[in-house]
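Asker: Just one file: start_1.cif, with mmCIF, N, CA and C atoms.
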data_entry
loop_
_atom_site.label_atom_id
_atom_site.label_comp_id
_atom_site.auth_asym_id
_atom_site.auth_seq_id
_atom_site.Cartn_x
_atom_site.Cartn_y
_atom_site.Cartn_z
N MET I 1 0.84 -1.18 0.00
CA MET I 1 0.00 0.00 0.00
C MET I 1 0.89 1.25 0.00
N ILE I 2 0.60 2.15 -0.86
CA ILE I 2 1.36 3.39 -0.95
C ILE I 2 0.79 4.39 0.05
N ALA I 3 1.67 5.02 0.82
CA ALA I 3 1.21 5.95 1.85
C ALA I 3 0.74 7.27 1.25
N ARG I 4 1.36 7.69 0.17
CA ARG I 4 0.96 8.94 -0.48
C ARG I 4 -0.16 8.70 -1.46
N LYS I 5 -1.07 9.64 -1.55
CA LYS I 5 -2.18 9.52 -2.49
C LYS I 5 -2.03 10.45 -3.69
N ASN I 6 -1.05 11.31 -3.67
CA ASN I 6 -0.86 12.31 -4.71
C ASN I 6 0.27 11.86 -5.65
N ILE I 7 -0.01 11.80 -6.93
CA ILE I 7 0.99 11.33 -7.89
C ILE I 7 2.18 12.28 -7.96
N VAL I 8 1.94 13.57 -7.86
CA VAL I 8 3.04 14.55 -7.92
C VAL I 8 3.97 14.39 -6.72
N ALA I 9 3.41 14.12 -5.54
CA ALA I 9 4.25 13.91 -4.36
C ALA I 9 5.10 12.65 -4.50
N ILE I 10 4.55 11.63 -5.12
CA ILE I 10 5.32 10.40 -5.35
C ILE I 10 6.47 10.67 -6.31
N LEU I 11 6.21 11.43 -7.38
CA LEU I 11 7.29 11.77 -8.31
C LEU I 11 8.36 12.62 -7.65
N LEU I 12 7.97 13.53 -6.77
CA LEU I 12 8.95 14.33 -6.04
C LEU I 12 9.80 13.46 -5.13
N GLY I 13 9.19 12.46 -4.51
CA GLY I 13 9.95 11.54 -3.68
C GLY I 13 10.98 10.76 -4.47
N ILE I 14 10.60 10.32 -5.66
CA ILE I 14 11.54 9.60 -6.52
C ILE I 14 12.69 10.51 -6.93
N GLU I 15 12.39 11.76 -7.22
CA GLU I 15 13.45 12.72 -7.57
C GLU I 15 14.41 12.94 -6.40
N LEU I 16 13.88 13.03 -5.20
CA LEU I 16 14.75 13.20 -4.03
C LEU I 16 15.66 12.00 -3.83
N ILE I 17 15.14 10.81 -4.05
CA ILE I 17 15.96 9.61 -3.90
C ILE I 17 17.07 9.58 -4.94
N LEU I 18 16.75 9.93 -6.18
CA LEU I 18 17.78 9.95 -7.23
C LEU I 18 18.84 11.02 -6.96
N ASN I 19 18.43 12.19 -6.48
CA ASN I 19 19.39 13.24 -6.16
C ASN I 19 20.28 12.84 -4.98
N ALA I 20 19.71 12.13 -4.01
CA ALA I 20 20.52 11.66 -2.87
C ALA I 20 21.55 10.64 -3.34
N ALA I 21 21.17 9.77 -4.26
CA ALA I 21 22.12 8.79 -4.79
C ALA I 21 23.25 9.49 -5.55
N ALA I 22 22.90 10.50 -6.34
CA ALA I 22 23.93 11.25 -7.06
C ALA I 22 24.89 11.95 -6.11
N LEU I 23 24.35 12.52 -5.05
CA LEU I 23 25.19 13.19 -4.06
C LEU I 23 26.11 12.20 -3.36
N ASN I 24 25.61 11.01 -3.06
CA ASN I 24 26.45 9.99 -2.44
C ASN I 24 27.58 9.55 -3.37
N PHE I 25 27.30 9.41 -4.65
CA PHE I 25 28.36 9.05 -5.60
C PHE I 25 29.44 10.13 -5.65
N VAL I 26 29.03 11.38 -5.69
CA VAL I 26 30.01 12.47 -5.75
C VAL I 26 30.84 12.52 -4.47
N ALA I 27 30.20 12.40 -3.32
CA ALA I 27 30.93 12.45 -2.05
C ALA I 27 31.89 11.28 -1.91
N TYR I 28 31.44 10.09 -2.30
CA TYR I 28 32.31 8.92 -2.22
C TYR I 28 33.52 9.06 -3.13
N SER I 29 33.29 9.52 -4.35
CA SER I 29 34.42 9.64 -5.27
C SER I 29 35.38 10.74 -4.84
N ARG I 30 34.88 11.76 -4.19
CA ARG I 30 35.74 12.87 -3.78
C ARG I 30 36.59 12.51 -2.56
N TYR I 31 35.98 11.88 -1.57
CA TYR I 31 36.67 11.68 -0.30
C TYR I 31 37.30 10.31 -0.14
N VAL I 32 36.89 9.32 -0.93
CA VAL I 32 37.45 7.99 -0.75
C VAL I 32 38.39 7.62 -1.90
N THR I 33 37.93 7.72 -3.13
CA THR I 33 38.75 7.26 -4.25
C THR I 33 39.52 8.38 -4.93
N ASN I 34 39.07 9.61 -4.79
CA ASN I 34 39.73 10.78 -5.36
C ASN I 34 39.89 10.70 -6.89
N ASN I 35 38.85 10.16 -7.56
CA ASN I 35 38.83 10.17 -9.03
C ASN I 35 37.46 10.65 -9.49
N LEU I 36 37.22 10.64 -10.79
CA LEU I 36 36.01 11.23 -11.34
C LEU I 36 34.89 10.22 -11.63
N ASP I 37 35.04 8.97 -11.21
CA ASP I 37 34.03 7.97 -11.52
C ASP I 37 32.67 8.32 -10.90
N GLY I 38 32.66 8.77 -9.68
CA GLY I 38 31.41 9.14 -9.02
C GLY I 38 30.73 10.33 -9.66
N HIS I 39 31.53 11.27 -10.15
CA HIS I 39 30.98 12.43 -10.84
C HIS I 39 30.30 12.02 -12.14
N ILE I 40 30.91 11.08 -12.85
CA ILE I 40 30.32 10.60 -14.10
C ILE I 40 29.03 9.86 -13.83
N PHE I 41 29.02 9.00 -12.80
CA PHE I 41 27.79 8.31 -12.44
C PHE I 41 26.69 9.28 -12.03
N SER I 42 27.07 10.33 -11.32
CA SER I 42 26.05 11.31 -10.91
C SER I 42 25.48 12.06 -12.11
N LEU I 43 26.29 12.31 -13.12
CA LEU I 43 25.76 12.94 -14.34
C LEU I 43 24.75 12.03 -15.04
N PHE I 44 25.04 10.73 -15.08
CA PHE I 44 24.08 9.78 -15.65
C PHE I 44 22.78 9.77 -14.84
N ILE I 45 22.91 9.82 -13.53
CA ILE I 45 21.72 9.81 -12.68
C ILE I 45 20.90 11.08 -12.91
N ILE I 46 21.55 12.21 -13.06
CA ILE I 46 20.83 13.47 -13.31
C ILE I 46 20.10 13.41 -14.64
N VAL I 47 20.73 12.84 -15.67
CA VAL I 47 20.08 12.71 -16.97
C VAL I 47 18.87 11.78 -16.88
N ILE I 48 19.03 10.66 -16.18
CA ILE I 48 17.92 9.72 -16.01
C ILE I 48 16.80 10.37 -15.21
N ALA I 49 17.14 11.14 -14.18
CA ALA I 49 16.12 11.81 -13.38
C ALA I 49 15.36 12.85 -14.20
N ALA I 50 16.05 13.54 -15.07
CA ALA I 50 15.38 14.53 -15.92
C ALA I 50 14.43 13.86 -16.89
N ALA I 51 14.86 12.74 -17.47
CA ALA I 51 13.98 12.01 -18.38
C ALA I 51 12.79 11.44 -17.63
N GLU I 52 13.01 10.93 -16.43
CA GLU I 52 11.92 10.38 -15.62
C GLU I 52 10.94 11.47 -15.25
N ALA I 53 11.44 12.66 -14.93
CA ALA I 53 10.54 13.76 -14.58
C ALA I 53 9.71 14.20 -15.78
N ALA I 54 10.30 14.24 -16.94
CA ALA I 54 9.56 14.65 -18.14
C ALA I 54 8.48 13.65 -18.50
N VAL I 55 8.82 12.37 -18.50
CA VAL I 55 7.83 11.35 -18.84
C VAL I 55 6.77 11.25 -17.75
N GLY I 56 7.20 11.27 -16.50
CA GLY I 56 6.24 11.19 -15.40
C GLY I 56 5.28 12.36 -15.38
N LEU I 57 5.77 13.55 -15.63
CA LEU I 57 4.90 14.71 -15.65
C LEU I 57 3.94 14.67 -16.83
N ALA I 58 4.39 14.16 -17.96
CA ALA I 58 3.49 14.00 -19.11
C ALA I 58 2.38 13.01 -18.80
N ILE I 59 2.71 11.93 -18.11
CA ILE I 59 1.69 10.95 -17.72
C ILE I 59 0.71 11.57 -16.74
N VAL I 60 1.21 12.35 -15.78
CA VAL I 60 0.33 12.98 -14.80
C VAL I 60 -0.60 13.99 -15.47
N ILE I 61 -0.08 14.76 -16.40
CA ILE I 61 -0.93 15.75 -17.10
C ILE I 61 -2.01 15.04 -17.90
N ARG I 62 -1.65 13.98 -18.60
CA ARG I 62 -2.66 13.24 -19.38
C ARG I 62 -3.68 12.57 -18.46
N PHE I 63 -3.20 12.04 -17.34
CA PHE I 63 -4.10 11.42 -16.36
C PHE I 63 -5.07 12.45 -15.80
N PHE I 64 -4.58 13.66 -15.53
CA PHE I 64 -5.45 14.72 -15.02
C PHE I 64 -6.48 15.14 -16.06
N GLN I 65 -6.08 15.15 -17.33
CA GLN I 65 -7.03 15.50 -18.39
C GLN I 65 -8.15 14.48 -18.50
N ILE I 66 -7.84 13.22 -18.27
CA ILE I 66 -8.84 12.16 -18.39
C ILE I 66 -9.72 12.07 -17.15
N LYS I 67 -9.10 12.01 -15.97
CA LYS I 67 -9.83 11.73 -14.73
C LYS I 67 -10.14 12.98 -13.90
N GLU I 68 -9.49 14.10 -14.17
CA GLU I 68 -9.64 15.34 -13.42
C GLU I 68 -9.28 15.18 -11.94
N THR I 69 -8.34 14.31 -11.66
CA THR I 69 -7.80 14.13 -10.32
C THR I 69 -6.37 13.63 -10.44
N ILE I 70 -5.59 13.81 -9.38
CA ILE I 70 -4.22 13.30 -9.39
C ILE I 70 -4.00 12.33 -8.24
N HIS I 71 -5.08 11.74 -7.74
CA HIS I 71 -4.96 10.75 -6.67
C HIS I 71 -4.61 9.39 -7.26
N ILE I 72 -3.73 8.69 -6.59
CA ILE I 72 -3.19 7.43 -7.10
C ILE I 72 -4.24 6.33 -7.10
N ASP I 73 -5.27 6.43 -6.26
CA ASP I 73 -6.30 5.40 -6.21
C ASP I 73 -7.09 5.31 -7.52
N GLU I 74 -7.19 6.40 -8.22
CA GLU I 74 -7.93 6.41 -9.49
C GLU I 74 -7.10 5.81 -10.63
N ALA I 75 -5.81 5.63 -10.43
CA ALA I 75 -4.95 5.12 -11.50
C ALA I 75 -5.17 3.63 -11.75
N THR I 76 -5.79 2.92 -10.82
CA THR I 76 -6.04 1.50 -11.04
C THR I 76 -7.09 1.29 -12.12
N GLN I 77 -7.84 2.32 -12.44
CA GLN I 77 -8.89 2.23 -13.45
C GLN I 77 -8.35 2.45 -14.85
N LEU I 78 -7.06 2.66 -15.02
CA LEU I 78 -6.49 2.90 -16.34
C LEU I 78 -6.33 1.62 -17.16
N ARG I 79 -6.53 0.48 -16.55
CA ARG I 79 -6.37 -0.78 -17.27
C ARG I 79 -7.45 -0.99 -18.31
N ASN I 80 -8.63 -0.50 -18.08
CA ASN I 80 -9.76 -0.73 -19.01
C ASN I 80 -9.76 0.26 -20.14
#
As structure tokens - that is how I would like this structure written.
Answerer:
Amino acid sequence: MIARKNIVAILLGIELILNAAALNFVAYSRYVTNNLDGHIFSLFIIVIAAAEAAVGLAIVIRFFQIKETIHIDEATQLRN
């Protein structure tokens, strides 16, 4: 069961998790290995997060146009 009912809040949570992972890669590469591998991984994560935000927001906008709500409980009806 998902605790959040708002699709936008769920997307924001996913963005925060991806940004935290990117920050961890940068910090690890800077203070432990002292090379650029973590920076490169964080750039890939930022690109993936941007693509995820664009696609996710497009889905939310289309869902709002159809159902006129952004609650996740209504998304189960998209199968039909």
Asker: In Å, rounded to a single decimal, give me how far atom CA of Ile70 of chain I is from atom C of Ile7 of chain I.
Answerer: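 The value is 6.6 Å.
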Asker: Could you list, as a list in words, every residue matched by the PyMOL selection byres ((chain I and resi 22) around 7) in this structure?
Answerer: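 This file, filtered by the PyMOL selection byres ((chain I and resi 22) around 7), leaves Ile17, Leu18, Asn19, Ala20, Ala21, Leu23, Asn24, Phe25, Val26, Ala27, Phe41, Ser42, Leu43, Ile45 and Ile46 of chain I.
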Asker: Counting only C-alpha atoms, select every polymer residue within 12 Å of (10.5, 9.4, -14.5) as defined in the file's coordinates, and provide the selection as a VMD selection string.
Answerer: chain I and resid 7 to 8 10 to 18 45 to 60
Asker: Can I get the selected residues back with N, CA and C atoms, as a compact mmCIF listing (two decimals), in the coordinates of the input?
Answerer:
# COMPACT_ATOMS: atom_id res chain seq x y z
N ILE I 7 -0.01 11.80 -6.93
CA ILE I 7 0.99 11.33 -7.89
C ILE I 7 2.18 12.28 -7.96
N VAL I 8 1.94 13.57 -7.86
CA VAL I 8 3.04 14.55 -7.92
C VAL I 8 3.97 14.39 -6.72
N ILE I 10 4.55 11.63 -5.12
CA ILE I 10 5.32 10.40 -5.35
C ILE I 10 6.47 10.67 -6.31
N LEU I 11 6.21 11.43 -7.38
CA LEU I 11 7.29 11.77 -8.31
C LEU I 11 8.36 12.62 -7.65
N LEU I 12 7.97 13.53 -6.77
CA LEU I 12 8.95 14.33 -6.04
C LEU I 12 9.80 13.46 -5.13
N GLY I 13 9.19 12.46 -4.51
CA GLY I 13 9.95 11.54 -3.68
C GLY I 13 10.98 10.76 -4.47
N ILE I 14 10.60 10.32 -5.66
CA ILE I 14 11.54 9.60 -6.52
C ILE I 14 12.69 10.51 -6.93
N GLU I 15 12.39 11.76 -7.22
CA GLU I 15 13.45 12.72 -7.57
C GLU I 15 14.41 12.94 -6.40
N LEU I 16 13.88 13.03 -5.20
CA LEU I 16 14.75 13.20 -4.03
C LEU I 16 15.66 12.00 -3.83
N ILE I 17 15.14 10.81 -4.05
CA ILE I 17 15.96 9.61 -3.90
C ILE I 17 17.07 9.58 -4.94
N LEU I 18 16.75 9.93 -6.18
CA LEU I 18 17.78 9.95 -7.23
C LEU I 18 18.84 11.02 -6.96
N ILE I 45 22.91 9.82 -13.53
CA ILE I 45 21.72 9.81 -12.68
C ILE I 45 20.90 11.08 -12.91
N ILE I 46 21.55 12.21 -13.06
CA ILE I 46 20.83 13.47 -13.31
C ILE I 46 20.10 13.41 -14.64
N VAL I 47 20.73 12.84 -15.67
CA VAL I 47 20.08 12.71 -16.97
C VAL I 47 18.87 11.78 -16.88
N ILE I 48 19.03 10.66 -16.18
CA ILE I 48 17.92 9.72 -16.01
C ILE I 48 16.80 10.37 -15.21
N ALA I 49 17.14 11.14 -14.18
CA ALA I 49 16.12 11.81 -13.38
C ALA I 49 15.36 12.85 -14.20
N ALA I 50 16.05 13.54 -15.07
CA ALA I 50 15.38 14.53 -15.92
C ALA I 50 14.43 13.86 -16.89
N ALA I 51 14.86 12.74 -17.47
CA ALA I 51 13.98 12.01 -18.38
C ALA I 51 12.79 11.44 -17.63
N GLU I 52 13.01 10.93 -16.43
CA GLU I 52 11.92 10.38 -15.62
C GLU I 52 10.94 11.47 -15.25
N ALA I 53 11.44 12.66 -14.93
CA ALA I 53 10.54 13.76 -14.58
C ALA I 53 9.71 14.20 -15.78
N ALA I 54 10.30 14.24 -16.94
CA ALA I 54 9.56 14.65 -18.14
C ALA I 54 8.48 13.65 -18.50
N VAL I 55 8.82 12.37 -18.50
CA VAL I 55 7.83 11.35 -18.84
C VAL I 55 6.77 11.25 -17.75
N GLY I 56 7.20 11.27 -16.50
CA GLY I 56 6.24 11.19 -15.40
C GLY I 56 5.28 12.36 -15.38
N LEU I 57 5.77 13.55 -15.63
CA LEU I 57 4.90 14.71 -15.65
C LEU I 57 3.94 14.67 -16.83
N ALA I 58 4.39 14.16 -17.96
CA ALA I 58 3.49 14.00 -19.11
C ALA I 58 2.38 13.01 -18.80
N ILE I 59 2.71 11.93 -18.11
CA ILE I 59 1.69 10.95 -17.72
C ILE I 59 0.71 11.57 -16.74
N VAL I 60 1.21 12.35 -15.78
CA VAL I 60 0.33 12.98 -14.80
C VAL I 60 -0.60 13.99 -15.47
Asker: List every residue of chain I that DSSP, applied to the backbone of this structure, assigns to helix (DSSP H, G or I), and report them as a ChimeraX atom specification.
Answerer: /I:7-33,37-67,72-79
Asker: What separation in Å, quoted to one decimal, exists between atom C of His71 of chain I and atom C of Lys5 of chain I?
Answerer: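 Distance reported for this atom pair: 4.5 Å.
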Asker: I'd like the interatomic distance between atom CA of Thr76 of chain I and atom CA of Ile61 of chain I, to a tenth of an Å.
Answerer: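 Calculated distance between atom CA of Thr76 of chain I and atom CA of Ile61 of chain I is 16.3 Å.
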